[in-house]
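Pasted below: entry-v6.txt, compact mmCIF, C-alpha atoms.
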# COMPACT_ATOMS: atom_id res chain seq x y z
CA MET A 1 0.00 0.00 0.00
CA LYS A 2 2.75 2.34 0.92
CA ASN A 3 4.49 1.54 -2.34
CA THR A 4 1.38 2.52 -4.28
CA ASN A 5 1.20 5.81 -2.43
CA TRP A 6 4.84 6.43 -3.18
CA LYS A 7 4.24 5.86 -6.89
CA ASN A 8 1.22 8.14 -6.84
CA ARG A 9 3.34 10.85 -5.33
CA LEU A 10 6.08 10.27 -7.84
CA PHE A 11 3.78 10.87 -10.79
CA PRO A 12 3.07 14.55 -10.04
CA LEU A 13 6.78 15.04 -9.49
CA SER A 14 7.64 13.59 -12.90
CA ALA A 15 4.87 15.67 -14.47
CA PHE A 16 6.33 18.75 -12.80
CA VAL A 17 9.81 17.94 -14.08
CA ALA A 18 8.39 17.43 -17.59
CA PHE A 19 6.63 20.79 -17.28
CA ILE A 20 9.88 22.52 -16.32
CA VAL A 21 11.70 20.83 -19.21
CA LEU A 22 8.93 22.02 -21.55
CA LEU A 23 9.25 25.58 -20.23
CA LEU A 24 12.99 25.53 -20.76
CA ALA A 25 12.47 24.24 -24.27
CA LEU A 26 10.22 27.21 -24.97
CA VAL A 27 12.82 29.77 -23.96
CA PRO A 28 13.39 31.67 -27.16
CA ALA A 29 16.44 32.66 -29.10
CA ALA A 30 18.00 35.64 -27.47
CA TRP A 31 19.93 37.70 -29.90
CA ALA A 32 17.97 38.00 -33.05
CA HIS A 33 16.35 40.86 -34.89
CA HIS A 34 14.03 38.17 -36.25
CA SER A 35 12.02 35.19 -35.02
CA GLN A 36 14.53 32.60 -36.26
CA SER A 37 11.68 30.44 -37.52
CA GLU A 38 13.70 30.20 -40.76
CA TYR A 39 15.90 27.72 -38.87
CA ASP A 40 14.91 24.23 -37.79
CA SER A 41 16.10 23.42 -34.28
CA ARG A 42 15.68 19.68 -35.02
CA LYS A 43 18.22 19.78 -37.87
CA LYS A 44 21.47 19.92 -35.94
CA VAL A 45 24.66 20.79 -37.79
CA GLU A 46 28.24 20.13 -36.70
CA VAL A 47 31.12 20.93 -39.02
CA GLU A 48 34.85 21.45 -38.77
CA GLY A 49 36.66 23.53 -41.33
CA THR A 50 38.58 26.63 -42.24
CA VAL A 51 37.18 30.15 -42.05
CA SER A 52 36.96 31.56 -45.59
CA LYS A 53 35.32 34.91 -44.77
CA VAL A 54 34.02 36.91 -41.80
CA GLU A 55 31.22 39.47 -42.16
CA TRP A 56 31.40 41.72 -39.10
CA LYS A 57 28.27 43.79 -39.70
CA SER A 58 24.83 44.45 -38.23
CA PRO A 59 22.32 43.05 -37.66
CA HIS A 60 24.20 39.74 -37.49
CA ALA A 61 27.77 38.66 -37.99
CA TRP A 62 28.29 35.80 -40.47
CA ILE A 63 31.16 33.38 -40.77
CA HIS A 64 31.76 31.34 -43.90
CA VAL A 65 33.57 28.05 -43.47
CA ASP A 66 35.18 25.72 -46.02
CA VAL A 67 34.33 22.16 -45.07
CA THR A 68 35.24 18.86 -46.74
CA ASN A 69 32.21 16.59 -46.65
CA ASP A 70 32.04 12.78 -46.43
CA LYS A 71 32.42 12.48 -50.21
CA GLY A 72 35.61 14.50 -50.17
CA GLU A 73 33.88 17.49 -51.76
CA LYS A 74 34.62 21.04 -50.60
CA VAL A 75 31.50 22.82 -49.32
CA ASN A 76 31.27 26.44 -48.16
CA TRP A 77 28.99 26.65 -45.09
CA HIS A 78 27.44 29.92 -43.94
CA PHE A 79 26.79 30.47 -40.23
CA GLU A 80 24.73 33.28 -38.75
CA LEU A 81 25.98 34.67 -35.42
CA PRO A 82 24.69 37.27 -32.98
CA SER A 83 25.16 40.93 -33.82
CA PRO A 84 28.72 42.26 -33.64
CA ASN A 85 27.51 44.40 -30.71
CA THR A 86 26.40 41.35 -28.76
CA LEU A 87 29.62 39.56 -29.57
CA MET A 88 31.74 42.53 -28.53
CA ARG A 89 29.87 42.71 -25.22
CA ARG A 90 30.75 39.05 -24.77
CA GLY A 91 34.45 39.62 -25.37
CA TRP A 92 34.82 39.03 -29.10
CA THR A 93 36.53 41.51 -31.36
CA ARG A 94 36.44 41.83 -35.12
CA ASP A 95 39.75 39.92 -35.11
CA SER A 96 38.58 36.98 -33.01
CA LEU A 97 38.11 34.91 -36.16
CA LYS A 98 40.14 35.40 -39.31
CA PRO A 99 40.21 33.70 -42.70
CA GLY A 100 42.39 30.62 -42.41
CA ASP A 101 41.43 29.87 -38.79
CA ARG A 102 40.50 26.26 -38.11
CA ILE A 103 37.16 26.07 -36.23
CA LYS A 104 34.41 23.69 -35.22
CA VAL A 105 30.85 25.04 -35.36
CA THR A 106 27.55 23.59 -34.19
CA GLY A 107 24.15 24.99 -35.00
CA SER A 108 20.69 24.54 -36.49
CA GLN A 109 20.20 24.33 -40.23
CA ALA A 110 18.05 26.69 -42.30
CA ARG A 111 14.75 25.14 -43.38
CA ASN A 112 15.21 26.11 -47.01
CA TYR A 113 18.96 26.03 -47.53
CA PRO A 114 21.32 23.04 -47.15
CA ASP A 115 24.47 25.08 -46.47
CA ILE A 116 23.20 27.77 -44.10
CA ALA A 117 22.81 27.45 -40.34
CA ILE A 118 22.55 29.53 -37.20
CA ALA A 119 25.56 28.95 -34.95
CA THR A 120 25.13 27.60 -31.45
CA THR A 121 28.76 27.12 -30.48
CA VAL A 122 32.02 28.11 -32.10
CA LYS A 123 35.23 26.40 -30.98
CA ASP A 124 38.77 27.11 -32.05
CA GLY A 125 41.22 24.53 -33.39
CA LYS A 126 42.13 23.44 -29.88
CA GLY A 127 38.50 22.85 -28.94
CA LYS A 128 38.16 25.96 -26.80
CA ALA A 129 34.68 27.47 -27.00
CA LEU A 130 34.71 31.00 -28.36
CA PHE A 131 30.98 31.56 -28.11
CA THR A 132 27.93 29.73 -26.86
CA GLY A 133 24.69 30.95 -28.34
CA VAL A 134 21.12 30.13 -27.53
CA THR A 135 19.84 27.24 -29.58
CA GLU A 136 16.12 27.39 -28.94
CA ILE A 137 14.17 28.75 -31.85
CA TYR A 138 10.85 30.60 -31.74
CA GLU A 139 8.04 28.13 -32.22
CA PRO A 140 4.80 30.03 -32.70
CA GLU A 141 2.60 26.98 -32.23
CA ALA A 142 4.33 26.05 -28.99
CA GLU A 143 3.98 29.61 -27.75
CA SER A 144 0.29 29.79 -28.53
CA LYS A 145 -0.32 26.48 -26.74
CA GLY A 146 1.76 27.61 -23.81
CA ALA A 147 -1.18 29.58 -22.35
CA ARG A 148 1.17 31.62 -20.25
CA MET B 1 53.15 60.65 -7.75
CA LEU B 2 50.90 58.06 -6.14
CA SER B 3 47.88 59.61 -7.83
CA VAL B 4 49.66 59.48 -11.19
CA VAL B 5 50.42 55.76 -10.69
CA LEU B 6 46.85 55.13 -9.55
CA LEU B 7 45.47 56.95 -12.57
CA PHE B 8 47.65 54.83 -14.83
CA VAL B 9 46.55 51.60 -13.15
CA LEU B 10 42.89 52.59 -13.38
CA ALA B 11 43.15 53.75 -16.97
CA THR B 12 45.14 50.84 -18.35
CA PRO B 13 42.45 48.12 -18.44
CA ALA B 14 40.03 50.36 -20.32
CA ALA B 15 42.67 51.62 -22.69
CA GLY B 16 43.46 48.07 -23.75
CA LEU B 17 39.88 47.18 -24.67
CA ALA B 18 37.65 47.95 -27.58
CA GLN B 19 35.92 51.32 -27.58
CA TRP B 20 34.61 52.19 -24.09
CA LEU B 21 32.91 48.87 -23.44
CA ASN B 22 34.59 48.58 -20.05
CA TYR B 23 35.31 52.22 -19.30
CA PRO B 24 34.08 53.13 -15.80
CA THR B 25 30.95 55.26 -15.84
CA PRO B 26 31.72 58.34 -13.72
CA GLY B 27 29.47 59.69 -10.99
CA ILE B 28 27.54 56.55 -10.10
CA PRO B 29 27.22 54.95 -6.66
CA ARG B 30 29.79 52.20 -6.15
CA LEU B 31 30.59 49.67 -3.46
CA ALA B 32 34.02 49.49 -1.84
CA SER B 33 34.92 46.80 -4.37
CA GLY B 34 34.31 49.25 -7.18
CA ALA B 35 31.21 47.39 -8.42
CA PRO B 36 28.13 49.55 -9.03
CA ASP B 37 25.87 49.81 -5.98
CA LEU B 38 22.66 48.67 -7.64
CA LYS B 39 20.68 48.95 -4.39
CA ALA B 40 21.62 52.60 -3.84
CA PRO B 41 18.73 55.08 -3.81
CA ALA B 42 17.46 56.28 -7.17
CA PRO B 43 19.33 59.40 -8.25
CA ARG B 44 17.45 62.69 -8.43
CA THR B 45 17.64 65.75 -10.61
CA PRO B 46 18.44 69.18 -9.07
CA ASP B 47 14.70 69.89 -8.88
CA GLY B 48 14.16 66.75 -6.80
CA LYS B 49 12.56 64.52 -9.43
CA PRO B 50 13.75 60.93 -9.93
CA ASP B 51 16.42 60.89 -12.61
CA PHE B 52 16.01 58.07 -15.14
CA SER B 53 19.12 59.07 -17.07
CA GLY B 54 21.43 56.20 -17.93
CA MET B 55 21.65 53.09 -20.06
CA TRP B 56 19.04 50.37 -19.74
CA PHE B 57 18.38 46.80 -20.87
CA ALA B 58 15.56 44.38 -20.06
CA ASN B 59 16.12 42.95 -16.57
CA VAL B 60 16.56 39.30 -17.39
CA PRO B 61 19.18 37.09 -15.78
CA SER B 62 21.85 35.74 -18.08
CA ARG B 63 21.83 31.99 -18.58
CA ASP B 64 25.46 31.07 -18.42
CA ASN B 65 26.10 27.68 -19.98
CA CYS B 66 29.84 28.06 -19.68
CA ARG B 67 30.28 25.52 -16.92
CA THR B 68 33.96 25.16 -17.63
CA GLY B 69 34.51 28.89 -17.64
CA ASP B 70 36.24 28.91 -21.00
CA CYS B 71 33.45 30.19 -23.18
CA ILE B 72 31.53 33.38 -23.48
CA GLN B 73 28.14 33.61 -21.90
CA GLU B 74 24.90 33.90 -23.75
CA GLU B 75 22.92 36.99 -24.56
CA ARG B 76 19.73 37.62 -22.68
CA MET B 77 16.22 38.44 -23.75
CA ALA B 78 12.94 39.36 -22.07
CA ARG B 79 10.15 36.82 -22.58
CA GLU B 80 7.94 39.80 -23.29
CA GLN B 81 9.79 40.21 -26.55
CA ILE B 82 7.95 37.12 -27.82
CA ASN B 83 4.63 37.80 -26.11
CA LEU B 84 4.10 41.07 -24.24
CA GLY B 85 1.18 39.49 -22.36
CA THR B 86 3.18 36.44 -21.28
CA LYS B 87 2.51 37.09 -17.57
CA LEU B 88 -1.19 37.92 -17.99
CA PRO B 89 -3.50 35.07 -17.04
CA GLY B 90 -5.25 34.13 -20.27
CA GLY B 91 -2.93 36.34 -22.30
CA LEU B 92 -3.84 39.57 -24.06
CA PRO B 93 -7.57 40.15 -24.69
CA TYR B 94 -7.50 40.15 -28.49
CA THR B 95 -10.51 41.31 -30.49
CA GLU B 96 -11.70 39.15 -33.38
CA TRP B 97 -9.89 41.53 -35.75
CA SER B 98 -6.66 41.01 -33.80
CA LYS B 99 -7.12 37.24 -33.77
CA GLU B 100 -7.41 37.27 -37.55
CA GLN B 101 -4.24 39.33 -37.84
CA MET B 102 -2.34 37.04 -35.52
CA LYS B 103 -3.50 33.81 -37.13
CA GLU B 104 -1.49 34.63 -40.22
CA ARG B 105 1.42 36.17 -38.34
CA ARG B 106 1.82 33.08 -36.16
CA ALA B 107 1.44 30.74 -39.12
CA ASN B 108 4.25 32.59 -40.83
CA GLY B 109 6.51 32.20 -37.81
CA GLY B 110 6.78 35.93 -37.35
CA ARG B 111 8.47 36.41 -40.70
CA GLU B 112 6.31 39.47 -41.49
CA ASP B 113 7.58 41.20 -38.37
CA PRO B 114 8.57 44.81 -39.22
CA HIS B 115 11.58 44.35 -36.93
CA THR B 116 12.85 41.55 -39.19
CA TYR B 117 12.65 44.01 -42.08
CA CYS B 118 14.82 46.49 -40.20
CA MET B 119 12.02 48.95 -39.54
CA PRO B 120 12.39 51.31 -36.55
CA PRO B 121 12.09 50.15 -32.95
CA ASN B 122 8.61 51.25 -31.88
CA PHE B 123 7.66 51.93 -28.27
CA PRO B 124 6.43 50.37 -26.07
CA ARG B 125 7.78 47.27 -27.85
CA ALA B 126 11.25 48.82 -28.01
CA TRP B 127 11.70 48.39 -24.23
CA THR B 128 11.83 44.61 -24.75
CA LEU B 129 14.14 44.44 -27.77
CA PRO B 130 17.62 42.95 -27.30
CA GLN B 131 19.50 46.21 -27.75
CA TYR B 132 20.53 48.81 -25.20
CA MET B 133 18.81 52.15 -24.63
CA ARG B 134 19.97 55.44 -23.14
CA ILE B 135 17.62 57.85 -21.37
CA LEU B 136 18.53 61.54 -21.32
CA GLN B 137 16.35 63.56 -18.97
CA THR B 138 15.94 67.31 -18.75
CA PRO B 139 13.21 69.24 -16.89
CA GLY B 140 11.26 69.75 -20.14
CA MET B 141 11.95 66.57 -22.07
CA MET B 142 12.99 62.95 -21.80
CA VAL B 143 14.75 61.44 -24.79
CA VAL B 144 15.23 57.71 -25.23
CA LEU B 145 18.01 56.69 -27.59
CA HIS B 146 17.86 53.15 -28.96
CA GLU B 147 20.78 51.22 -30.40
CA PHE B 148 18.64 49.56 -33.05
CA ASN B 149 18.93 51.72 -36.16
CA GLU B 150 20.27 54.46 -33.86
CA ALA B 151 16.73 55.59 -33.20
CA TYR B 152 15.27 58.10 -30.75
CA ARG B 153 12.02 58.85 -28.96
CA GLU B 154 10.93 62.18 -27.46
CA VAL B 155 8.73 62.56 -24.38
CA TYR B 156 7.65 66.15 -23.72
CA LEU B 157 7.56 67.08 -20.02
CA ASP B 158 6.57 70.73 -20.54
CA GLY B 159 2.85 70.31 -19.90
CA ARG B 160 1.65 70.36 -23.50
CA PRO B 161 -1.50 68.38 -24.34
CA LEU B 162 -1.49 65.34 -26.61
CA PRO B 163 -2.15 66.31 -30.25
CA LYS B 164 -5.62 65.98 -31.74
CA ASN B 165 -5.89 63.92 -34.95
CA PRO B 166 -2.12 63.58 -35.30
CA ASN B 167 -0.32 62.16 -38.29
CA PRO B 168 0.44 58.59 -37.10
CA THR B 169 4.08 57.62 -36.55
CA TRP B 170 6.08 54.61 -35.31
CA ASN B 171 6.33 55.94 -31.75
CA GLY B 172 3.31 58.23 -31.77
CA TYR B 173 3.35 61.42 -29.68
CA SER B 174 4.28 61.31 -26.01
CA THR B 175 3.86 63.65 -23.09
CA GLY B 176 4.83 62.98 -19.49
CA HIS B 177 3.79 64.23 -16.09
CA TRP B 178 4.77 63.35 -12.54
CA ASP B 179 2.61 61.38 -10.15
CA GLY B 180 4.77 61.59 -7.04
CA ASP B 181 7.98 59.79 -7.98
CA THR B 182 6.37 58.05 -10.96
CA LEU B 183 6.71 59.48 -14.45
CA VAL B 184 3.47 58.91 -16.33
CA ILE B 185 3.91 58.94 -20.11
CA GLU B 186 0.80 59.20 -22.31
CA THR B 187 1.01 58.37 -26.00
CA ASN B 188 -1.35 58.62 -28.96
CA GLY B 189 -0.89 58.86 -32.72
CA ILE B 190 0.64 55.38 -33.16
CA ARG B 191 0.50 53.92 -36.65
CA ASP B 192 -2.27 51.45 -37.43
CA ASP B 193 0.03 48.54 -38.30
CA MET B 194 2.43 48.30 -35.39
CA TRP B 195 3.50 45.10 -33.61
CA LEU B 196 3.99 44.79 -29.85
CA ASP B 197 6.00 41.54 -29.89
CA ILE B 198 7.46 38.85 -32.15
CA GLN B 199 4.25 36.84 -32.23
CA GLY B 200 2.51 39.85 -33.72
CA SER B 201 0.23 41.30 -31.02
CA PRO B 202 -1.14 44.41 -32.73
CA VAL B 203 -1.37 47.99 -31.58
CA THR B 204 -3.25 50.47 -33.74
CA GLU B 205 -4.10 54.09 -34.37
CA SER B 206 -6.98 53.84 -31.90
CA ALA B 207 -4.54 53.11 -29.06
CA ARG B 208 -3.86 55.23 -26.02
CA VAL B 209 -0.74 53.91 -24.32
CA THR B 210 0.21 54.86 -20.76
CA GLU B 211 3.63 53.98 -19.39
CA ARG B 212 4.31 54.48 -15.69
CA LEU B 213 8.07 54.64 -15.05
CA LYS B 214 9.37 54.07 -11.54
CA ARG B 215 13.07 54.00 -10.66
CA VAL B 216 13.01 51.60 -7.72
CA ASN B 217 16.68 52.14 -6.93
CA PHE B 218 19.87 52.91 -8.83
CA GLY B 219 19.87 49.55 -10.59
CA LEU B 220 16.21 48.90 -11.38
CA MET B 221 13.37 50.59 -13.27
CA GLN B 222 9.82 49.25 -13.42
CA ILE B 223 7.56 50.19 -16.32
CA GLU B 224 3.86 49.52 -16.22
CA ILE B 225 2.61 49.48 -19.81
CA ALA B 226 -1.14 50.05 -20.12
CA VAL B 227 -2.80 49.75 -23.51
CA ASP B 228 -6.33 50.96 -24.27
CA ASP B 229 -6.90 50.05 -27.91
CA PRO B 230 -10.53 49.18 -28.69
CA LYS B 231 -9.70 48.09 -32.23
CA ALA B 232 -7.13 45.50 -31.11
CA TYR B 233 -8.27 44.57 -27.60
CA THR B 234 -11.63 43.86 -26.00
CA LYS B 235 -10.65 45.72 -22.82
CA PRO B 236 -7.74 47.83 -21.51
CA TRP B 237 -4.86 45.81 -20.09
CA SER B 238 -1.52 46.43 -18.47
CA VAL B 239 1.71 44.56 -17.84
CA THR B 240 4.79 45.50 -15.84
CA ILE B 241 8.29 44.95 -17.16
CA GLU B 242 11.62 45.61 -15.52
CA MET B 243 14.73 47.28 -16.86
CA ALA B 244 18.23 46.94 -15.41
CA VAL B 245 20.70 49.81 -15.49
CA GLN B 246 23.83 49.21 -17.58
CA VAL B 247 27.09 50.83 -16.49
CA ASP B 248 30.73 50.83 -17.56
CA THR B 249 29.67 50.47 -21.20
CA GLN B 250 28.50 52.62 -24.09
CA MET B 251 25.84 52.73 -26.79
CA LEU B 252 26.78 50.73 -29.89
CA GLY B 253 24.71 51.71 -32.90
CA GLU B 254 23.26 48.82 -34.88
CA ILE B 255 22.19 49.72 -38.40
CA CYS B 256 20.01 46.80 -39.38
CA ASN B 257 20.09 47.37 -43.14
CA ASP B 258 23.88 47.32 -43.12
CA ASN B 259 23.92 43.60 -43.86
CA GLU B 260 20.42 42.17 -43.37
CA GLN B 261 20.33 38.62 -44.79
CA ASP B 262 17.54 36.85 -42.93
CA VAL B 263 14.55 37.94 -44.99
CA LYS B 264 15.75 35.91 -47.96
CA LEU B 265 16.09 32.80 -45.78
CA TYR B 266 12.35 32.70 -45.27
CA LYS B 267 11.80 32.35 -48.99
CA LYS B 268 13.04 30.09 -51.71
Would you mind giving the structure from this file in structure tokens?
Amino acid sequence: MKNTNWKNRLFPLSAFVAFIVLLLALVPAAWAHHSQSEYDSRKKVEVEGTVSKVEWKSPHAWIHVDVTNDKGEKVNWHFELPSPNTLMRRGWTRDSLKPGDRIKVTGSQARNYPDIAIATTVKDGKGKALFTGVTEIYEPEAESKGAR
Amino acid sequence: MLSVVLLFVLATPAAGLAQWLNYPTPGIPRLASGAPDLKAPAPRTPDGKPDFSGMWFANVPSRDNCRTGDCIQEERMAREQINLGTKLPGGLPYTEWSKEQMKERRANGGREDPHTYCMPPNFPRAWTLPQYMRILQTPGMMVVLHEFNEAYREVYLDGRPLPKNPNPTWNGYSTGHWDGDTLVIETNGIRDDMWLDIQGSPVTESARVTERLKRVNFGLMQIEIAVDDPKAYTKPWSVTIEMAVQVDTQMLGEICNDNEQDVKLYKK
């Protein structure tokens, strides 16, 4: 009997934990001038390559990365970053990344483009994280069902 | 000689960093450690009114994922940027017209958002955007500078009435008066097609917006935003947001059309 009671008490706890996890999942992207619904948070991207170009301009910085894919083909990936202002307030400078730098980038892929993504983390050649972004992307349906 | 050495020591860290991003803001209350005293009383102007002057950003805690301490922490954003009514039980009281507007805006994932298209930051939405603001306060006028598109907003404090049948603009027309230590800002003349948040909550030309600004202490400002807009909402509503003072930094202009590339990503 006591065991049953214990399980009954456990259920609300697990539901509460699930609720908290759901809330955290709904926390939106934090540095955009746009909703970011053009990116799909379920399509994770992880590439390692060489920086070919850095665009240090508002409203978002972009880094372009030459990557060799599984077939041995060279692909130029394009990663959207926070604004230069946000990056500078987090310690970056316009010289933090330069063409020729070896980096590893993770992110979420654009819904309509196979070689564009929004960066979540950027690590240098030694694996040191240069920036950690916010990965969650605005989900209008989730927000409307959130009833908050 | 000691003061010369001290000046050098104090000046060196700032001199080695970009712009004035870490340059100490003069004339603010500080603790013995040198950190800003955020709990100090709100500053006042020579005529005794609360002084809102300073730089401000939505008061949201940073979520630092850098457990190992070797990465740079995340940017922050107010939840109200997505949904201004996020803390209202039941949400904002949309009229049927508003619901129709929002159905399409939500379905499009916010891609029609004027902010995405680099249009000006419009108040009261601008308080929640992820850029910094600077308030300049004089006895007759408050000016709010906004980093996004290097925009400004004027609030007249000289007792003039709100305009009748004004030409609608992005920020409308604002006057302010004092209610004790609270600055009450009244606004009309807002354009008919403005958004209040990313999900597209409307505000229209029929709106009368009242913002009640209260500087709780040196570090914190509360803003009650009340919207009476019979075209967009079935009844008047209000929400309260918080702004945190930003010191030892500077305004960094952000011209959105400099290199906007997101609009094209929505289409193919």
Interatomic distance (Å, one decimal) between CA of Val227 in chain B and CA of Thr138 in chain B: 26.1 Å
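Comparing B:Glu80, B:Asp248, B:Asp113, B:Glu96 by their smallest distance to chain A, the closest is B:Asp113 (using all atoms listed in the file).
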Could you build a table of the residues in range 19-38 of chain B lying no more than 12 Å from range 53-60 of chain B, giving for each the nearest pair of atoms and their separation in Å rounded to one decimal place, using only C-alpha atoms, ordered by chain and ascending residue number, as JSON lines?
{"residue": "B:Thr25", "atom": "CA", "partner": "B:Gly54", "partner_atom": "CA", "distance": 9.8}
{"residue": "B:Pro26", "atom": "CA", "partner": "B:Gly54", "partner_atom": "CA", "distance": 11.3}
{"residue": "B:Gly27", "atom": "CA", "partner": "B:Gly54", "partner_atom": "CA", "distance": 11.2}
{"residue": "B:Ile28", "atom": "CA", "partner": "B:Gly54", "partner_atom": "CA", "distance": 9.9}
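Between CA of Tyr39 in chain A and CA of Trp127 in chain B there is a distance of 25.7 Å.
Of the residues under consideration (A:Val45, A:Leu81, A:Val51, A:Leu87), A:Val51 shows the shortest atom-to-atom contact distance to Asp124 in chain A when counting all atoms listed in the file.
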Long-range neighbours of Lys98 in chain A as a ChimeraX atom specification, 9 Å cut-off, all atoms listed in the file, 5 positions minimum in chain: /A:51-54
Okay, now the selection with C-alpha atoms, as an mmCIF file, in the coordinates of the input?
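Heads up, here's the output in out.cif:
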data_model
loop_
_atom_site.group_PDB
_atom_site.id
_atom_site.type_symbol
_atom_site.label_atom_id
_atom_site.label_comp_id
_atom_site.auth_asym_id
_atom_site.auth_seq_id
_atom_site.Cartn_x
_atom_site.Cartn_y
_atom_site.Cartn_z
ATOM 1 C CA VAL A 51 37.180 30.150 -42.050
ATOM 2 C CA SER A 52 36.960 31.560 -45.590
ATOM 3 C CA LYS A 53 35.320 34.910 -44.770
ATOM 4 C CA VAL A 54 34.020 36.910 -41.800
#
Counting all atoms listed in the file, which residues have an atom no more than 10 Å from (32.6, 22.3, -29.8) in the file's coordinates? Please list them as a PDB file with C-alpha atoms, in the coordinates of the input.
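Written output follows (point12.pdb):
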ATOM      1  CA  GLU A  46      28.240  20.130 -36.700  1.00  0.00           C
ATOM      2  CA  VAL A  47      31.120  20.930 -39.020  1.00  0.00           C
ATOM      3  CA  GLU A  48      34.850  21.450 -38.770  1.00  0.00           C
ATOM      4  CA  ILE A 103      37.160  26.070 -36.230  1.00  0.00           C
ATOM      5  CA  LYS A 104      34.410  23.690 -35.220  1.00  0.00           C
ATOM      6  CA  VAL A 105      30.850  25.040 -35.360  1.00  0.00           C
ATOM      7  CA  THR A 106      27.550  23.590 -34.190  1.00  0.00           C
ATOM      8  CA  THR A 120      25.130  27.600 -31.450  1.00  0.00           C
ATOM      9  CA  THR A 121      28.760  27.120 -30.480  1.00  0.00           C
ATOM     10  CA  VAL A 122      32.020  28.110 -32.100  1.00  0.00           C
ATOM     11  CA  LYS A 123      35.230  26.400 -30.980  1.00  0.00           C
ATOM     12  CA  ASP A 124      38.770  27.110 -32.050  1.00  0.00           C
ATOM     13  CA  GLY A 125      41.220  24.530 -33.390  1.00  0.00           C
ATOM     14  CA  LYS A 126      42.130  23.440 -29.880  1.00  0.00           C
ATOM     15  CA  GLY A 127      38.500  22.850 -28.940  1.00  0.00           C
ATOM     16  CA  LYS A 128      38.160  25.960 -26.800  1.00  0.00           C
ATOM     17  CA  ALA A 129      34.680  27.470 -27.000  1.00  0.00           C
ATOM     18  CA  LEU A 130      34.710  31.000 -28.360  1.00  0.00           C
ATOM     19  CA  PHE A 131      30.980  31.560 -28.110  1.00  0.00           C
ATOM     20  CA  THR A 132      27.930  29.730 -26.860  1.00  0.00           C
TER      21      THR A 132
END
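Compared by their closest atoms to chain A, and using only C-alpha atoms, the residues B:Ala244, B:Ile198, B:Leu31, B:Ile223 rank with B:Ile198 nearest.
Computed from the coordinates, the CA of Val184 in chain B to CA of Gly48 in chain B distance equals 16.3 Å.
Candidate residues A:Asp66, A:Glu73, A:Asp101, A:Glu38 were compared for distance to chain B, and the nearest is A:Glu38, using only C-alpha atoms.
The closest residue to chain A, picked from B:Phe148, B:Trp97, B:Trp237, B:Phe52 and counting all atoms listed in the file, is B:Phe148.
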Who sits within 7 Å of Ala42 in chain B, all atoms listed in the file, same chain under 2 positions skipped, as number ranges by chain: B: 40, 44, 50, 215-218
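Checking A:Pro99, A:Tyr113, A:Pro84, A:Gly91 one by one against Gly49 in chain A, counting only C-alpha atoms, you find the shortest gap at A:Pro99.
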Completion step: range 103-114 of chain A with N, CA and C atoms as a CSV table (one decimal), in the coordinates of the input:
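What follows is the written file rebuild_12.csv:
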chain,number,residue,atom,x,y,z
A,103,ILE,N,38.2,26.0,-37.3
A,103,ILE,CA,37.2,26.1,-36.2
A,103,ILE,C,36.2,24.9,-36.3
A,104,LYS,N,35.5,24.7,-35.2
A,104,LYS,CA,34.4,23.7,-35.2
A,104,LYS,C,33.1,24.4,-34.8
A,105,VAL,N,32.1,24.3,-35.6
A,105,VAL,CA,30.8,25.0,-35.4
A,105,VAL,C,29.7,24.1,-35.2
A,106,THR,N,28.8,24.3,-34.2
A,106,THR,CA,27.6,23.6,-34.2
A,106,THR,C,26.4,24.6,-34.4
A,107,GLY,N,25.3,24.1,-34.8
A,107,GLY,CA,24.2,25.0,-35.0
A,107,GLY,C,22.9,24.3,-35.5
A,108,SER,N,21.9,25.1,-35.9
A,108,SER,CA,20.7,24.5,-36.5
A,108,SER,C,20.6,25.0,-37.9
A,109,GLN,N,20.2,24.1,-38.8
A,109,GLN,CA,20.2,24.3,-40.2
A,109,GLN,C,19.0,25.1,-40.7
A,110,ALA,N,19.2,26.0,-41.7
A,110,ALA,CA,18.0,26.7,-42.3
A,110,ALA,C,17.1,25.7,-42.9
A,111,ARG,N,15.8,26.0,-42.8
A,111,ARG,CA,14.8,25.1,-43.4
A,111,ARG,C,14.9,25.0,-44.9
A,112,ASN,N,15.3,26.1,-45.5
A,112,ASN,CA,15.2,26.1,-47.0
A,112,ASN,C,16.6,26.1,-47.7
A,113,TYR,N,17.6,26.0,-46.9
A,113,TYR,CA,19.0,26.0,-47.5
A,113,TYR,C,19.8,25.0,-46.9
A,114,PRO,N,20.5,24.1,-47.7
A,114,PRO,CA,21.3,23.0,-47.2
A,114,PRO,C,22.7,23.5,-46.6
